[in-house]
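Below is start39.txt, holding compact mmCIF, C-alpha atoms and all ligand atoms.
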```
# COMPACT_ATOMS: atom_id res chain seq x y z
CA MET E 26 -16.43 -44.54 13.28
CA LYS E 27 -13.39 -42.75 14.75
CA ASN E 28 -13.96 -40.32 17.62
CA PRO E 29 -14.13 -36.70 16.48
CA ARG E 30 -10.87 -34.86 16.92
CA THR E 31 -10.20 -31.80 19.03
CA VAL E 32 -7.87 -29.76 16.87
CA LEU E 33 -5.77 -26.77 17.79
CA VAL E 34 -5.44 -24.89 14.48
CA THR E 35 -2.86 -22.10 14.62
CA GLY E 36 -3.12 -19.27 12.09
CA GLY E 37 -6.67 -20.24 11.12
CA CYS E 38 -7.52 -16.68 10.06
CA GLY E 39 -4.85 -16.66 7.35
CA PHE E 40 -5.16 -17.82 3.77
CA ILE E 41 -4.62 -21.58 4.05
CA GLY E 42 -5.80 -21.89 7.65
CA ALA E 43 -9.18 -20.33 6.82
CA ASN E 44 -9.63 -22.63 3.84
CA PHE E 45 -8.70 -25.59 6.06
CA ILE E 46 -11.19 -24.63 8.79
CA ARG E 47 -13.94 -24.26 6.20
CA LEU E 48 -13.12 -27.65 4.68
CA VAL E 49 -13.09 -29.43 8.06
CA ALA E 50 -16.31 -27.73 9.20
CA ARG E 51 -17.98 -29.10 6.04
CA THR E 52 -16.52 -32.60 6.03
CA PHE E 53 -16.05 -33.37 9.74
CA PRO E 54 -18.81 -31.34 11.40
CA HIS E 55 -18.26 -33.05 14.78
CA TRP E 56 -14.59 -32.14 15.15
CA ARG E 57 -13.90 -29.37 17.66
CA LEU E 58 -11.66 -26.67 16.15
CA ILE E 59 -9.79 -24.21 18.35
CA ASN E 60 -8.37 -21.45 16.21
CA LEU E 61 -5.44 -19.58 17.80
CA ASP E 62 -4.49 -16.54 15.73
CA LYS E 63 -2.72 -13.29 16.52
CA LEU E 64 -4.53 -11.45 13.71
CA THR E 65 -1.47 -9.89 12.15
CA TYR E 66 -1.95 -7.90 8.93
CA ALA E 67 -2.31 -11.31 7.18
CA GLY E 68 -5.03 -12.67 9.47
CA ASN E 69 -8.60 -11.59 9.03
CA LEU E 70 -11.68 -12.54 11.01
CA THR E 71 -13.75 -11.85 7.91
CA ASN E 72 -12.18 -14.97 6.37
CA LEU E 73 -14.28 -17.00 8.81
CA LYS E 74 -17.17 -14.62 9.37
CA ASP E 75 -19.78 -17.37 8.97
CA MET E 76 -18.13 -19.73 11.52
CA GLU E 77 -20.16 -19.62 14.71
CA GLU E 78 -18.52 -20.10 18.09
CA GLY E 79 -19.89 -23.04 20.07
CA GLU E 80 -19.33 -26.77 20.60
CA THR E 81 -17.37 -27.24 17.40
CA TYR E 82 -15.56 -23.92 16.98
CA ARG E 83 -13.72 -21.55 19.27
CA PHE E 84 -11.58 -18.56 18.31
CA ILE E 85 -8.77 -17.33 20.55
CA LYS E 86 -6.89 -14.16 19.65
CA GLY E 87 -3.33 -14.71 20.79
CA ASP E 88 0.29 -15.30 19.96
CA ILE E 89 1.80 -18.78 19.52
CA CYS E 90 4.94 -17.42 21.22
CA ASP E 91 2.94 -16.81 24.43
CA ALA E 92 3.86 -19.96 26.38
CA ALA E 93 1.41 -19.26 29.21
CA LEU E 94 -1.50 -18.89 26.79
CA VAL E 95 -0.56 -22.00 24.81
CA ASP E 96 -0.25 -23.99 28.07
CA GLU E 97 -3.62 -22.72 29.19
CA ILE E 98 -5.21 -23.92 25.94
CA PHE E 99 -3.61 -27.37 26.26
CA SER E 100 -4.78 -27.58 29.91
CA GLY E 101 -8.32 -26.36 29.31
CA GLU E 102 -9.08 -28.35 26.15
CA VAL E 103 -8.32 -32.03 25.58
CA ILE E 104 -6.43 -31.48 22.36
CA ASP E 105 -5.41 -34.51 20.34
CA THR E 106 -4.40 -32.79 17.10
CA VAL E 107 -2.39 -29.70 16.29
CA VAL E 108 -2.40 -28.32 12.75
CA HIS E 109 0.19 -25.59 12.82
CA PHE E 110 -0.20 -22.98 10.08
CA ALA E 111 0.64 -19.79 11.98
CA ALA E 112 3.67 -18.11 10.48
CA GLU E 113 5.03 -15.00 8.94
CA SER E 114 4.73 -16.19 5.37
CA HIS E 115 5.70 -13.53 2.84
CA VAL E 116 9.24 -13.77 1.44
CA ASP E 117 9.49 -10.06 0.53
CA ARG E 118 8.67 -9.05 4.10
CA SER E 119 11.28 -11.48 5.42
CA ILE E 120 13.90 -9.61 3.39
CA THR E 121 12.95 -6.19 4.75
CA GLY E 122 12.17 -7.35 8.33
CA PRO E 123 13.42 -10.82 9.29
CA ALA E 124 13.06 -10.47 13.09
CA GLU E 125 9.32 -11.29 13.16
CA PHE E 126 10.05 -14.39 11.09
CA VAL E 127 12.57 -15.69 13.60
CA GLN E 128 10.18 -14.95 16.44
CA THR E 129 6.94 -16.41 15.11
CA ASN E 130 8.25 -19.18 12.88
CA ILE E 131 11.00 -20.51 15.12
CA VAL E 132 10.16 -19.44 18.68
CA GLY E 133 6.42 -19.90 18.08
CA THR E 134 6.86 -23.44 16.76
CA PHE E 135 9.17 -24.25 19.67
CA THR E 136 6.55 -22.96 22.13
CA LEU E 137 3.84 -25.18 20.63
CA LEU E 138 6.10 -28.25 20.56
CA GLU E 139 7.08 -27.70 24.18
CA SER E 140 3.46 -27.49 25.26
CA ALA E 141 2.53 -30.61 23.27
CA ARG E 142 5.44 -32.50 24.84
CA HIS E 143 4.53 -31.36 28.33
CA HIS E 144 0.78 -32.06 28.11
CA TRP E 145 0.74 -35.13 25.88
CA LEU E 146 3.84 -36.99 27.02
CA GLU E 147 4.41 -35.86 30.62
CA LYS E 148 0.89 -35.12 31.89
CA LYS E 149 -0.77 -37.63 29.50
CA LEU E 150 -3.50 -35.07 28.88
CA VAL E 151 -4.75 -36.28 25.53
CA GLY E 152 -8.04 -37.58 24.14
CA GLY E 153 -7.19 -39.92 21.27
CA GLN E 154 -4.02 -40.75 19.34
CA PRO E 155 -2.19 -37.40 19.31
CA VAL E 156 -0.61 -35.85 16.25
CA PHE E 157 1.19 -32.57 15.66
CA LEU E 158 1.08 -31.63 11.97
CA HIS E 159 3.58 -28.93 11.15
CA VAL E 160 2.67 -27.17 7.89
CA SER E 161 5.77 -26.17 5.98
CA THR E 162 7.00 -25.17 2.56
CA ASP E 163 9.04 -26.54 -0.32
CA GLU E 164 11.19 -23.39 -0.06
CA VAL E 165 13.25 -25.13 2.65
CA TYR E 166 14.93 -27.11 -0.15
CA GLY E 167 16.34 -24.00 -1.83
CA SER E 168 16.35 -23.43 -5.57
CA LEU E 169 16.38 -25.91 -8.47
CA GLY E 170 18.13 -25.59 -11.80
CA GLU E 171 16.34 -26.36 -15.04
CA THR E 172 15.78 -30.00 -14.13
CA GLY E 173 15.14 -32.05 -11.01
CA LEU E 174 12.43 -32.17 -8.36
CA PHE E 175 12.34 -31.71 -4.59
CA ARG E 176 11.94 -35.05 -2.81
CA GLU E 177 11.54 -35.71 0.93
CA THR E 178 15.19 -36.79 0.88
CA THR E 179 16.46 -33.56 -0.75
CA ALA E 180 18.92 -31.76 1.55
CA TYR E 181 17.66 -28.54 3.11
CA ASP E 182 19.21 -25.41 1.55
CA PRO E 183 17.01 -22.42 2.48
CA ARG E 184 18.00 -19.08 1.00
CA SER E 185 15.61 -16.41 2.25
CA PRO E 186 15.04 -15.43 5.88
CA TYR E 187 11.50 -16.85 5.44
CA SER E 188 12.65 -20.25 4.21
CA ALA E 189 15.49 -20.35 6.75
CA SER E 190 13.01 -19.75 9.57
CA LYS E 191 10.67 -22.44 8.21
CA ALA E 192 13.61 -24.85 7.84
CA SER E 193 14.57 -24.18 11.47
CA SER E 194 11.03 -24.93 12.59
CA ASP E 195 11.02 -28.17 10.56
CA HIS E 196 14.27 -29.19 12.27
CA LEU E 197 12.79 -28.46 15.69
CA ALA E 198 9.67 -30.48 14.88
CA ASN E 199 11.83 -33.41 13.73
CA ALA E 200 14.01 -33.10 16.81
CA TYR E 201 10.95 -33.26 19.09
CA PHE E 202 9.90 -36.49 17.38
CA HIS E 203 13.32 -38.14 17.58
CA THR E 204 14.30 -36.87 21.03
CA TYR E 205 11.06 -36.92 22.99
CA GLY E 206 8.69 -38.93 20.81
CA VAL E 207 6.27 -36.06 20.18
CA PRO E 208 4.12 -37.50 17.34
CA VAL E 209 5.07 -35.03 14.62
CA MET E 210 4.32 -35.06 10.91
CA ILE E 211 5.55 -32.40 8.49
CA THR E 212 4.11 -31.37 5.14
CA ASN E 213 6.23 -29.36 2.68
CA CYS E 214 3.98 -27.77 0.10
CA SER E 215 4.51 -25.74 -3.06
CA ASN E 216 2.97 -22.31 -3.83
CA ASN E 217 -0.75 -22.13 -3.08
CA TYR E 218 -3.36 -19.92 -4.70
CA GLY E 219 -7.11 -19.55 -4.31
CA PRO E 220 -9.76 -17.68 -2.29
CA TYR E 221 -8.75 -15.57 0.74
CA GLN E 222 -5.11 -15.12 -0.25
CA PHE E 223 -3.74 -11.84 0.99
CA PRO E 224 -3.19 -9.47 -1.97
CA GLU E 225 0.55 -9.21 -1.46
CA LYS E 226 1.30 -12.60 -3.02
CA LEU E 227 1.77 -12.79 -6.78
CA ILE E 228 -1.65 -14.00 -7.98
CA PRO E 229 -3.99 -11.81 -5.88
CA LEU E 230 -1.62 -8.85 -6.25
CA ILE E 231 -1.71 -9.07 -10.05
CA PHE E 232 -5.49 -9.50 -10.01
CA HIS E 233 -5.95 -6.51 -7.74
CA ASN E 234 -3.60 -4.26 -9.71
CA CYS E 235 -5.30 -5.28 -12.96
CA LEU E 236 -8.66 -4.16 -11.61
CA GLU E 237 -7.20 -0.88 -10.44
CA GLY E 238 -5.35 -0.31 -13.72
CA ARG E 239 -2.06 -0.24 -11.83
CA LYS E 240 1.22 -1.54 -13.19
CA LEU E 241 1.96 -5.24 -12.74
CA PRO E 242 5.42 -5.69 -11.14
CA VAL E 243 7.27 -8.74 -12.47
CA TYR E 244 10.59 -9.34 -10.75
CA GLY E 245 13.72 -9.76 -12.88
CA ASP E 246 13.09 -11.55 -16.18
CA GLY E 247 9.84 -13.18 -14.97
CA LYS E 248 11.13 -16.63 -15.87
CA GLN E 249 11.27 -17.95 -12.31
CA ILE E 250 9.21 -21.11 -11.95
CA ARG E 251 6.77 -22.04 -9.20
CA ASP E 252 4.70 -25.24 -8.90
CA TRP E 253 1.18 -23.91 -8.24
CA LEU E 254 -1.34 -25.81 -6.13
CA TYR E 255 -4.99 -24.89 -5.58
CA VAL E 256 -5.51 -24.24 -1.87
CA GLY E 257 -8.45 -26.66 -1.65
CA ASP E 258 -6.17 -29.47 -2.83
CA HIS E 259 -3.58 -28.52 -0.20
CA CYS E 260 -6.19 -28.54 2.59
CA GLN E 261 -7.48 -31.92 1.42
CA ALA E 262 -3.90 -33.24 1.49
CA ILE E 263 -3.54 -32.09 5.10
CA VAL E 264 -6.75 -33.89 6.08
CA GLU E 265 -5.55 -37.08 4.36
CA VAL E 266 -2.14 -36.89 6.05
CA LEU E 267 -3.87 -36.47 9.43
CA GLU E 268 -6.04 -39.51 8.76
CA LYS E 269 -3.57 -41.78 6.96
CA GLY E 270 -0.05 -40.43 7.46
CA SER E 271 2.61 -41.88 9.76
CA VAL E 272 4.21 -39.96 12.60
CA GLY E 273 7.87 -39.16 12.13
CA HIS E 274 7.33 -38.72 8.38
CA CYS E 275 7.34 -35.71 6.11
CA TYR E 276 5.27 -35.43 2.94
CA ASN E 277 5.94 -33.25 -0.08
CA ILE E 278 2.78 -31.77 -1.60
CA GLY E 279 2.81 -30.26 -5.09
CA GLY E 280 0.50 -29.37 -7.93
CA ASN E 281 2.35 -30.71 -11.00
CA ASN E 282 1.78 -27.21 -12.36
CA GLU E 283 5.15 -25.66 -13.11
CA LYS E 284 4.68 -22.19 -14.57
CA GLU E 285 6.95 -19.23 -15.22
CA ASN E 286 5.78 -16.13 -13.35
CA ILE E 287 5.32 -14.23 -16.60
CA GLU E 288 2.99 -16.97 -17.92
CA VAL E 289 0.87 -16.68 -14.78
CA VAL E 290 0.70 -12.89 -15.02
CA GLU E 291 -0.21 -12.99 -18.72
CA LEU E 292 -2.90 -15.59 -18.10
CA ILE E 293 -4.56 -13.45 -15.42
CA CYS E 294 -4.50 -10.47 -17.82
CA ASP E 295 -6.06 -12.55 -20.60
CA ILE E 296 -8.82 -13.98 -18.41
CA LEU E 297 -9.71 -10.53 -17.10
CA ASP E 298 -9.67 -9.07 -20.64
CA GLU E 299 -12.10 -11.83 -21.60
CA LYS E 300 -14.40 -11.33 -18.59
CA LEU E 301 -14.34 -7.54 -18.34
CA ASP E 302 -14.00 -4.56 -20.64
CA LEU E 303 -10.49 -3.79 -21.88
CA LEU E 304 -8.64 -0.89 -20.22
CA PRO E 305 -10.15 2.58 -20.87
CA SER E 306 -7.35 3.13 -23.43
CA GLY E 307 -8.58 0.06 -25.32
CA ALA E 308 -5.37 -1.81 -24.49
CA SER E 309 -5.07 -5.30 -23.03
CA ARG E 310 -4.11 -5.63 -19.37
CA ARG E 311 -0.85 -7.13 -20.58
CA SER E 312 0.21 -3.54 -21.32
CA LEU E 313 0.40 -2.99 -17.54
CA ILE E 314 3.19 -5.57 -17.14
CA THR E 315 6.36 -3.88 -15.86
CA PHE E 316 9.64 -5.67 -15.25
CA VAL E 317 11.14 -4.39 -12.00
CA THR E 318 14.31 -4.94 -9.98
CA ASP E 319 14.65 -8.57 -9.01
CA ARG E 320 14.03 -9.85 -5.47
CA LEU E 321 17.27 -10.30 -3.50
CA GLY E 322 18.39 -13.93 -3.56
CA HIS E 323 15.39 -14.84 -5.72
CA ASP E 324 14.99 -18.64 -5.97
CA ARG E 325 14.82 -19.64 -9.63
CA ARG E 326 12.70 -22.76 -9.69
CA TYR E 327 10.64 -24.90 -7.31
CA ALA E 328 9.12 -28.23 -8.35
CA ILE E 329 7.81 -31.05 -6.21
CA ASP E 330 7.85 -34.81 -6.50
CA SER E 331 4.62 -35.86 -4.72
CA THR E 332 5.10 -39.61 -5.24
CA LYS E 333 5.34 -40.40 -1.53
CA ILE E 334 2.03 -38.83 -0.52
CA LYS E 335 0.36 -40.35 -3.58
CA ASP E 336 1.64 -43.87 -2.89
CA THR E 337 1.34 -43.94 0.90
CA VAL E 338 -1.60 -41.65 1.68
CA GLY E 339 -3.47 -41.82 -1.61
CA TRP E 340 -3.64 -38.06 -2.22
CA GLN E 341 -3.14 -36.30 -5.52
CA PRO E 342 -4.22 -32.87 -6.75
CA LYS E 343 -7.61 -32.68 -8.45
CA VAL E 344 -7.71 -29.10 -9.74
CA THR E 345 -5.67 -28.18 -12.82
CA PHE E 346 -4.07 -24.75 -12.92
CA GLU E 347 -6.38 -23.64 -15.73
CA GLU E 348 -9.48 -24.58 -13.67
CA GLY E 349 -8.08 -23.26 -10.41
CA ILE E 350 -7.04 -19.88 -11.74
CA ARG E 351 -10.50 -19.33 -13.23
CA MET E 352 -12.20 -20.36 -9.96
CA THR E 353 -9.88 -18.00 -8.10
CA ILE E 354 -10.51 -15.07 -10.41
CA ASP E 355 -14.27 -15.65 -10.19
CA TRP E 356 -14.01 -15.70 -6.40
CA TYR E 357 -12.08 -12.43 -6.32
CA LEU E 358 -14.50 -10.82 -8.77
CA ASP E 359 -17.42 -11.89 -6.57
CA ASN E 360 -15.67 -10.78 -3.37
CA ARG E 361 -14.14 -7.43 -4.23
CA GLU E 362 -15.27 -5.94 -0.95
CA TRP E 363 -13.15 -8.61 0.80
CA VAL E 364 -10.01 -7.30 -0.92
CA ASN E 365 -10.90 -3.72 -0.12
CA ARG E 366 -11.54 -4.60 3.52
CA VAL E 367 -8.29 -6.50 4.07
CA ILE E 368 -6.12 -3.81 2.52
CA ASP E 369 -7.75 -0.76 4.03
CA GLY E 370 -6.30 1.46 6.74
CA SER E 371 -2.63 1.20 7.59
CA TYR E 372 -2.05 -1.64 5.18
CA ALA E 373 -3.14 0.49 2.21
CA GLU E 374 -0.32 2.90 2.97
CA TYR E 375 2.22 0.08 3.17
CA TYR E 376 0.88 -1.40 -0.05
CA HIS E 377 1.15 1.83 -2.00
CA ASN E 378 4.65 2.55 -0.66
CA MET E 379 5.88 -0.90 -1.45
CA TYR E 380 4.48 -1.15 -4.94
CA ASP E 381 5.09 2.39 -6.05
CA ASN E 382 8.34 3.39 -4.37
CA LYS E 383 10.26 0.24 -3.52
CA LYS E 384 9.80 -1.24 -6.96
CA ASN E 385 10.17 2.09 -8.74
CA ILE E 386 7.23 1.53 -10.97
CA GLY E 387 5.25 4.71 -10.37
CA GLN E 388 1.89 5.18 -12.07
P1 LIG E 401 -0.82 -16.24 5.94
O1 LIG E 401 0.27 -15.26 6.09
O2 LIG E 401 -1.93 -15.97 4.99
O3 LIG E 401 -1.49 -16.51 7.37
C1 LIG E 401 -0.74 -16.65 8.54
C2 LIG E 401 -1.69 -16.59 9.72
O4 LIG E 401 -0.92 -16.77 10.92
C3 LIG E 401 -2.42 -15.25 9.85
O5 LIG E 401 -3.77 -15.46 10.16
C4 LIG E 401 -1.70 -14.57 11.01
O6 LIG E 401 -2.53 -13.67 11.75
C5 LIG E 401 -1.28 -15.77 11.85
N1 LIG E 401 -0.12 -15.49 12.71
C6 LIG E 401 1.05 -14.90 12.34
N2 LIG E 401 1.87 -14.81 13.39
C7 LIG E 401 1.22 -15.37 14.44
C8 LIG E 401 1.56 -15.59 15.80
N3 LIG E 401 2.75 -15.20 16.29
N4 LIG E 401 0.67 -16.19 16.61
C9 LIG E 401 -0.55 -16.58 16.12
N5 LIG E 401 -0.92 -16.39 14.84
C10 LIG E 401 -0.05 -15.80 14.01
O7 LIG E 401 -0.10 -17.62 5.60
P2 LIG E 401 -0.61 -18.82 4.68
O8 LIG E 401 -0.27 -18.53 3.27
O9 LIG E 401 -1.99 -19.17 5.06
O10 LIG E 401 0.40 -19.98 5.16
C11 LIG E 401 0.05 -20.83 6.25
C12 LIG E 401 1.19 -21.79 6.50
O11 LIG E 401 1.44 -22.56 5.33
C13 LIG E 401 2.51 -21.10 6.84
O12 LIG E 401 3.14 -21.85 7.85
C14 LIG E 401 3.32 -21.17 5.55
O13 LIG E 401 4.69 -21.22 5.82
C15 LIG E 401 2.81 -22.46 4.96
N6 LIG E 401 2.85 -22.54 3.49
C16 LIG E 401 2.28 -21.55 2.73
C17 LIG E 401 2.30 -21.65 1.34
C18 LIG E 401 1.66 -20.61 0.46
O14 LIG E 401 1.81 -20.66 -0.76
N7 LIG E 401 0.92 -19.65 0.99
C19 LIG E 401 2.91 -22.77 0.73
C20 LIG E 401 3.48 -23.76 1.56
C21 LIG E 401 3.43 -23.63 2.94
P1 LIG E 402 5.15 -14.96 -3.99
O1 LIG E 402 3.69 -14.97 -4.28
O2 LIG E 402 5.70 -13.88 -3.11
O3 LIG E 402 5.52 -16.41 -3.40
P2 LIG E 402 6.98 -17.07 -3.09
O4 LIG E 402 7.99 -16.01 -2.99
O5 LIG E 402 6.72 -17.76 -1.80
O6 LIG E 402 7.24 -18.02 -4.22
O7 LIG E 402 5.94 -14.91 -5.36
C1 LIG E 402 5.72 -15.89 -6.37
C2 LIG E 402 6.70 -15.58 -7.48
O8 LIG E 402 6.30 -14.34 -8.10
C3 LIG E 402 8.11 -15.37 -7.01
O9 LIG E 402 9.02 -15.90 -7.97
C4 LIG E 402 8.27 -13.86 -6.93
C5 LIG E 402 7.36 -13.37 -8.02
N1 LIG E 402 6.71 -12.05 -7.79
C6 LIG E 402 6.78 -11.05 -8.78
O10 LIG E 402 7.38 -11.24 -9.86
N2 LIG E 402 6.15 -9.87 -8.53
C7 LIG E 402 5.50 -9.61 -7.34
O11 LIG E 402 4.97 -8.47 -7.14
C8 LIG E 402 5.43 -10.66 -6.36
C9 LIG E 402 4.71 -10.44 -5.06
C10 LIG E 402 6.04 -11.86 -6.63
```
Could you write out this file's structure as structure tokens?
Amino acid sequence: MKNPRTVLVTGGCGFIGANFIRLVARTFPHWRLINLDKLTYAGNLTNLKDMEEGETYRFIKGDICDAALVDEIFSGEVIDTVVHFAAESHVDRSITGPAEFVQTNIVGTFTLLESARHHWLEKKLVGGQPVFLHVSTDEVYGSLGETGLFRETTAYDPRSPYSASKASSDHLANAYFHTYGVPVMITNCSNNYGPYQFPEKLIPLIFHNCLEGRKLPVYGDGKQIRDWLYVGDHCQAIVEVLEKGSVGHCYNIGGNNEKENIEVVELICDILDEKLDLLPSGASRRSLITFVTDRLGHDRRYAIDSTKIKDTVGWQPKVTFEEGIRMTIDWYLDNREWVNRVIDGSYAEYYHNMYDNKKNIGQ
């Protein structure tokens, strides 16, 4: 049996990070997980409220851009694995406020890579075979036309401040592998959905607005396409890449679930109409759909070719979109207090401003 890993997980209180920590705690109970998270509006301790601190789990509130703190963690713990999720992740926010994206996504990734280089390669402070897994997005490849798929060889062409900052961090990670030999792997994944997703992203936002009887903002003509992947499948892919991937490689991860946004929104309405009473007016939730001004520079279509990870690592998605969306809706219905808790206080004000005023949809 391999020695248990000591993993520095960054951004473990966010959507994917929390799902990853839960998966690892279940399947590798002897691994030690050190969760470094700044707890921005997107990070919530309640996502991991049943994780107990001790031998196998430690939480540190802090910023990945804080070089002294990151160095202290690398010096105090014998880390052999970094799984780097921490990022500013919402495209709309990157359009209204790109500075945080440059700071966290680029400078933060640089800070972690520097510390890994210093401790692993110069000081040789490492337990087992080290690996730095940088979690990235398919958005670095830009936008597809009606045909074609993103492959690992597709040229980078990011178009939003978010994707440009993620592309920059991918380039830094690659550069640290080629220049210094830091054992880096990169995963570029398509749109995730599932439990614990912050209700600013399309699927939880539509769910939440449906329950509140609020209008459902669909950008532009709603025919933009995303390739949806259930978050549990993404987390499993990350585990498999850690165990079976090769350093210096990147792996595209996708769900084979291309859907137009409008299809996704209509499906959520239909499932909720089936599970709950119709609206007080007797109308379907589809009547709440409102087409609003398009996102600036909105990418038209993303779609992933996952052949490499399937052939070399043996991973493929298990959950179909139809299963995953029902599991997700059931989770949100069973955890309504979670949604209310994560959007209370100052975020509620932001939320109402953004969805009422910015998109001009009123109530
Ligand atoms: P998220 O926004 O839900 O969570 C991000 C987490 O990082 C939060 O807990 C936040 O508090 C933390 N964080 C932010 N800035 C930090 C900083 N400076 N220092 C420490 N912690 C900080 O994001 P997510 O959806 O879970 O995405 C995780 C990663 O996966 C990101 O790198 C994102 O680019 C990538 N990704 C996301 C998707 C998706 O569909 N959500 C798809 C592909 C790739
Ligand atoms: P989002 O969840 O923000 O993810 P990303 O921008 O990373 O793909 O958006 C998914 C798609 O849904 C995207 O094409 C934008 C669209 N969208 C809407 O139509 N309305 C909304 O209110 C939001 C948040 C997104």
What separation in Å, quoted to one decimal, exists between CA of His143 in chain E and CA of Trp56 in chain E? 23.2 Å
Exercise answer, 10 Å around ligand LIG 402 (chain E) with all atoms listed in the file, as an NGL selection string: :E and (114-118 or 162-164 or 185 or 187-188 or 215-218 or 222-231 or 234 or 240-253 or 284-287 or 289-290 or 315-320 or 323-327 or 379-380 or 384)
Looking at all atoms listed in the file, which of E:Leu236, E:Val256, E:Met210, E:Val103 is the one that sits closest to ligand LIG 401 (chain E)?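 Looking only at the distances to ligand LIG 401 (chain E), the closest residue turns out to be E:Val256.
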Write out as a PyMOL selection string each polymer residue whose atoms come within 12 Å of Asn199 in chain E, counting all atoms listed in the file; drop sequence neighbours fewer than 3 positions from it. chain E and resi 134-135+138+157-159+192-196+202-212+272-275
For Pro305 in chain E, please output as a list of chain:residue names all residues within 12 Å (counting all atoms listed in the file; exclusion window: fewer than 5 positions along the same chain). E:Leu236, E:Glu237, E:Gly238, E:Asp298, E:Arg310
Taking only C-alpha atoms and all ligand atoms into account, which of E:Gly79, E:Gly36, E:Gly322, E:Pro29 comes nearest ligand LIG 401 (chain E)?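 Closest to ligand LIG 401 (chain E) of all the choices is E:Gly36.
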Gap from CA of Gly270 in chain E to CA of Glu102 in chain E - Å, one decimal: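 One can read the CA of Gly270 in chain E to CA of Glu102 in chain E distance as 24.0 Å.
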Exercise: residues within 9 Å of coordinate (5.9, -40.0, -0.7), counting all atoms listed in the file, as number ranges by chain: E: 176-177, 275-278, 330-338
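CA of Asn282 in chain E to CA of Ile46 in chain E spans 24.9 Å [interatomic distance, one decimal].
Of the listed residues E:Ala180, E:Ala92, E:Tyr221, E:Ile98, the one whose atoms come nearest to Gly257 in chain E is E:Tyr221, with distances taken using all atoms listed in the file.
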Counting only C-alpha atoms, the residue among E:Leu70, E:Leu58, E:Ile85, E:Met76 that lies closest to Arg366 in chain E is E:Leu70
Find, counting only C-alpha atoms, the residue in E:Phe53, E:Phe45, E:Phe99, E:Trp340 that gets nearest to Arg142 in chain E.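 So, comparing all the options, the nearest one is E:Phe99.
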List the spatial neighbours of Pro186 in chain E as a list of chain:residue names - criterion: any atom at most 7 Å away, only C-alpha atoms, same-chain residues fewer than 3 positions off excluded.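 Counting only the stated atoms, we get E:Ser119, E:Ile120, E:Pro123, E:Ala189, E:Ser190.
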Leaving out Thr179 in chain E and any residue of its chain fewer than 3 positions from it, which residues lie within 10 Å of it when counting all atoms listed in the file, given as a list in words? Val165, Tyr166, Gly167, Leu174, Phe175, Arg176 and Asp182 of chain E
Counting only C-alpha atoms, figure out which residue out of E:Asn44, E:Thr81, E:Thr71, E:Ser306 gets nearest to Arg57 in chain E. E:Thr81
What would range 137-148 of chain E look like with N, CA and C atoms in place, written as a PDB file, in the frame of the given file?
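rebuild-v4.pdb, freshly written:
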```pdb
ATOM      1  N   LEU E 137       4.913 -24.198  20.826  1.00  0.00           N
ATOM      2  CA  LEU E 137       3.840 -25.180  20.630  1.00  0.00           C
ATOM      3  C   LEU E 137       4.351 -26.600  20.880  1.00  0.00           C
ATOM      4  N   LEU E 138       5.541 -26.894  20.376  1.00  0.00           N
ATOM      5  CA  LEU E 138       6.100 -28.250  20.560  1.00  0.00           C
ATOM      6  C   LEU E 138       6.341 -28.535  22.037  1.00  0.00           C
ATOM      7  N   GLU E 139       6.831 -27.528  22.749  1.00  0.00           N
ATOM      8  CA  GLU E 139       7.080 -27.700  24.180  1.00  0.00           C
ATOM      9  C   GLU E 139       5.782 -28.020  24.924  1.00  0.00           C
ATOM     10  N   SER E 140       4.728 -27.280  24.578  1.00  0.00           N
ATOM     11  CA  SER E 140       3.460 -27.490  25.260  1.00  0.00           C
ATOM     12  C   SER E 140       2.901 -28.870  24.919  1.00  0.00           C
ATOM     13  N   ALA E 141       3.012 -29.270  23.666  1.00  0.00           N
ATOM     14  CA  ALA E 141       2.530 -30.610  23.270  1.00  0.00           C
ATOM     15  C   ALA E 141       3.314 -31.675  24.032  1.00  0.00           C
ATOM     16  N   ARG E 142       4.601 -31.525  24.111  1.00  0.00           N
ATOM     17  CA  ARG E 142       5.440 -32.500  24.840  1.00  0.00           C
ATOM     18  C   ARG E 142       5.008 -32.595  26.305  1.00  0.00           C
ATOM     19  N   HIS E 143       4.849 -31.420  26.910  1.00  0.00           N
ATOM     20  CA  HIS E 143       4.530 -31.360  28.330  1.00  0.00           C
ATOM     21  C   HIS E 143       3.151 -31.998  28.601  1.00  0.00           C
ATOM     22  N   HIS E 144       2.143 -31.598  27.820  1.00  0.00           N
ATOM     23  CA  HIS E 144       0.780 -32.060  28.110  1.00  0.00           C
ATOM     24  C   HIS E 144       0.527 -33.475  27.602  1.00  0.00           C
ATOM     25  N   TRP E 145       1.024 -33.807  26.435  1.00  0.00           N
ATOM     26  CA  TRP E 145       0.740 -35.130  25.880  1.00  0.00           C
ATOM     27  C   TRP E 145       1.629 -36.220  26.504  1.00  0.00           C
ATOM     28  N   LEU E 146       2.925 -35.916  26.616  1.00  0.00           N
ATOM     29  CA  LEU E 146       3.840 -36.990  27.020  1.00  0.00           C
ATOM     30  C   LEU E 146       4.064 -37.027  28.542  1.00  0.00           C
ATOM     31  N   GLU E 147       4.140 -35.861  29.174  1.00  0.00           N
ATOM     32  CA  GLU E 147       4.410 -35.860  30.620  1.00  0.00           C
ATOM     33  C   GLU E 147       3.116 -35.964  31.411  1.00  0.00           C
ATOM     34  N   LYS E 148       2.143 -35.100  31.119  1.00  0.00           N
ATOM     35  CA  LYS E 148       0.890 -35.120  31.890  1.00  0.00           C
ATOM     36  C   LYS E 148      -0.126 -36.115  31.339  1.00  0.00           C
TER      37      LYS E 148
END
```
